[in-house]
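Have a look at the structure below before the remarks.
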Amino acid sequence: MFRRRFSSNPRGARLARRVGLYQLHTWGIPYLSDASESAALIIGELTANAVTHGRVPGRDFELCLRHAPGDRETLGVLRIEVSDTRTECRPPGPGEITAPEDGDDGGRGMLIVDALADRWAVVDREPPGKTVRAELDLLY
């Protein structure tokens, strides 16, 4: 398991993505593999959302990665969790996402998470806040 807090600003989101991908590489999920690329997009979107919509001044966000090894048929499961301390402004959960209107500047990020993750959810956390959790089944 890897867990680290980052400053709730765009620089923190970029650093979380880079550090997260390095951690995956040390776990045997090589850079530029399909799993690494999917994880990069998910981490990037969730951390960008945390600093854009979940920011509370003076509070960090947290990235947690868990790799559960698999068996002969799979490399296991990668769980990506991004937590922030804002209780309002929850993103839509699975099955609640609507496509943005043509010409809208935003609103596509959770569509990306929904398309790439095998499972995902938005959950409450203690201390107050929320966690967006996404899981990727890692295949050979």
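Chain labels follow the order of the structure tokens: the first chain is A, the next B, and so on; residue numbering restarts at 1 in every chain, and ligands are counted from 1 in their shown order.
Secondary structure by DSSP on the backbone puts the following residues of range 55-120 of chain A in strand (DSSP E or B): Phe61, Glu62, Leu63, Cys64, Leu65, Arg66, His67, Ala68, Pro69, Thr74, Leu75, Gly76, Val77, Leu78, Arg79, Ile80, Glu81, Val82, Ser83, Asp84, Arg119 and Trp120 of chain A.
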Print the selection's residues with N, CA, C and O atoms to a file, as a CSV table (one decimal), in the first residue's frame.
```
chain,number,residue,atom,x,y,z
A,61,PHE,N,-5.0,17.0,0.0
A,61,PHE,CA,-5.8,15.8,-0.4
A,61,PHE,C,-4.8,14.6,-0.3
A,61,PHE,O,-3.6,14.8,-0.1
A,62,GLU,N,-5.4,13.4,-0.3
A,62,GLU,CA,-4.6,12.2,-0.1
A,62,GLU,C,-4.8,11.3,-1.3
A,62,GLU,O,-5.9,11.1,-1.8
A,63,LEU,N,-3.7,10.7,-1.7
A,63,LEU,CA,-3.7,9.6,-2.7
A,63,LEU,C,-3.3,8.3,-2.0
A,63,LEU,O,-2.3,8.3,-1.3
A,64,CYS,N,-4.1,7.3,-2.2
A,64,CYS,CA,-3.8,6.0,-1.7
A,64,CYS,C,-3.9,5.0,-2.8
A,64,CYS,O,-4.8,5.0,-3.6
A,65,LEU,N,-2.8,4.2,-3.0
A,65,LEU,CA,-2.8,3.1,-4.0
A,65,LEU,C,-2.6,1.8,-3.3
A,65,LEU,O,-1.8,1.7,-2.3
A,66,ARG,N,-3.4,0.8,-3.7
A,66,ARG,CA,-3.2,-0.6,-3.2
A,66,ARG,C,-3.2,-1.5,-4.3
A,66,ARG,O,-4.0,-1.5,-5.2
A,67,HIS,N,-2.2,-2.4,-4.2
A,67,HIS,CA,-2.0,-3.4,-5.3
A,67,HIS,C,-2.2,-4.8,-4.6
A,67,HIS,O,-1.4,-5.2,-3.7
A,68,ALA,N,-3.2,-5.5,-4.9
A,68,ALA,CA,-3.5,-6.8,-4.4
A,68,ALA,C,-3.0,-7.8,-5.5
A,68,ALA,O,-3.6,-7.8,-6.6
A,69,PRO,N,-2.0,-8.5,-5.3
A,69,PRO,CA,-1.5,-9.4,-6.3
A,69,PRO,C,-2.5,-10.5,-6.7
A,69,PRO,O,-3.4,-10.9,-5.9
A,74,THR,N,-4.2,-13.4,-13.6
A,74,THR,CA,-4.2,-11.9,-13.5
A,74,THR,C,-3.0,-11.5,-12.7
A,74,THR,O,-2.5,-12.2,-11.9
A,75,LEU,N,-2.7,-10.2,-12.9
A,75,LEU,CA,-1.7,-9.6,-12.1
A,75,LEU,C,-2.3,-9.0,-10.8
A,75,LEU,O,-1.5,-8.5,-10.0
A,76,GLY,N,-3.6,-9.1,-10.7
A,76,GLY,CA,-4.2,-8.6,-9.5
A,76,GLY,C,-5.1,-7.4,-9.7
A,76,GLY,O,-5.6,-7.2,-10.8
A,77,VAL,N,-5.4,-6.7,-8.6
A,77,VAL,CA,-6.3,-5.5,-8.7
A,77,VAL,C,-5.5,-4.3,-8.1
A,77,VAL,O,-4.8,-4.4,-7.1
A,78,LEU,N,-5.7,-3.2,-8.8
A,78,LEU,CA,-5.1,-1.9,-8.4
A,78,LEU,C,-6.3,-1.1,-7.9
A,78,LEU,O,-7.2,-0.8,-8.7
A,79,ARG,N,-6.2,-0.6,-6.7
A,79,ARG,CA,-7.2,0.3,-6.2
A,79,ARG,C,-6.6,1.7,-6.0
A,79,ARG,O,-5.5,1.8,-5.4
A,80,ILE,N,-7.2,2.7,-6.6
A,80,ILE,CA,-6.8,4.1,-6.5
A,80,ILE,C,-7.8,4.8,-5.7
A,80,ILE,O,-9.0,4.8,-6.0
A,81,GLU,N,-7.4,5.5,-4.7
A,81,GLU,CA,-8.3,6.3,-3.8
A,81,GLU,C,-7.8,7.7,-3.7
A,81,GLU,O,-6.6,7.9,-3.4
A,82,VAL,N,-8.6,8.7,-4.0
A,82,VAL,CA,-8.3,10.1,-3.7
A,82,VAL,C,-9.3,10.7,-2.8
A,82,VAL,O,-10.5,10.6,-3.0
A,83,SER,N,-8.8,11.2,-1.7
A,83,SER,CA,-9.7,11.8,-0.6
A,83,SER,C,-9.4,13.2,-0.4
A,83,SER,O,-8.3,13.7,-0.5
A,84,ASP,N,-10.5,14.0,-0.2
A,84,ASP,CA,-10.4,15.4,0.2
A,84,ASP,C,-11.3,15.6,1.4
A,84,ASP,O,-12.0,14.8,1.8
A,119,ARG,N,-14.4,-0.9,-11.6
A,119,ARG,CA,-15.4,-0.6,-10.5
A,119,ARG,C,-15.0,0.8,-9.9
A,119,ARG,O,-13.8,1.1,-9.9
A,120,TRP,N,-16.0,1.6,-9.5
A,120,TRP,CA,-15.6,2.8,-8.8
A,120,TRP,C,-16.8,3.2,-8.0
A,120,TRP,O,-17.9,2.8,-8.2
```
*Run DSSP on the backbone and give me the residues of chain A it puts in alpha helix (DSSP H), as number ranges by chain.*
A: 10-26, 34-52, 109-116
*asked:* Could you tell me how far CA of Ser33 in chain A sits from CA of Leu15 in chain A, in Å to one decimal place?
replied: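 Spanning CA of Leu15 in chain A to CA of Ser33 in chain A is a straight-line distance of 19.8 Å.
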*Find the spatial neighbours of Ala40 in chain A, counting only C-alpha atoms, within a cut-off of 12 Å - ignore same-chain residues fewer than 4 positions away - and output them as an MDAnalysis selection string.*
chainID A and resid 13:25 29:36 44:48 65 80 112:113 116:117 136
*Hey, which of A:Pro94, A:His53, A:Met1, A:Phe6 ends up closest to Trp27 in chain A? Count only C-alpha atoms.*
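For Trp27 in chain A, the nearest of the given residues is A:Met1.
CA of Gly12 in chain A is found 24.7 Å from CA of Ala115 in chain A.
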*Distance of CA of Val51 in chain A from CA of Pro91 in chain A, expressed in Å to one decimal place*: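 Separation between CA of Pro91 in chain A and CA of Val51 in chain A: 13.0 Å.
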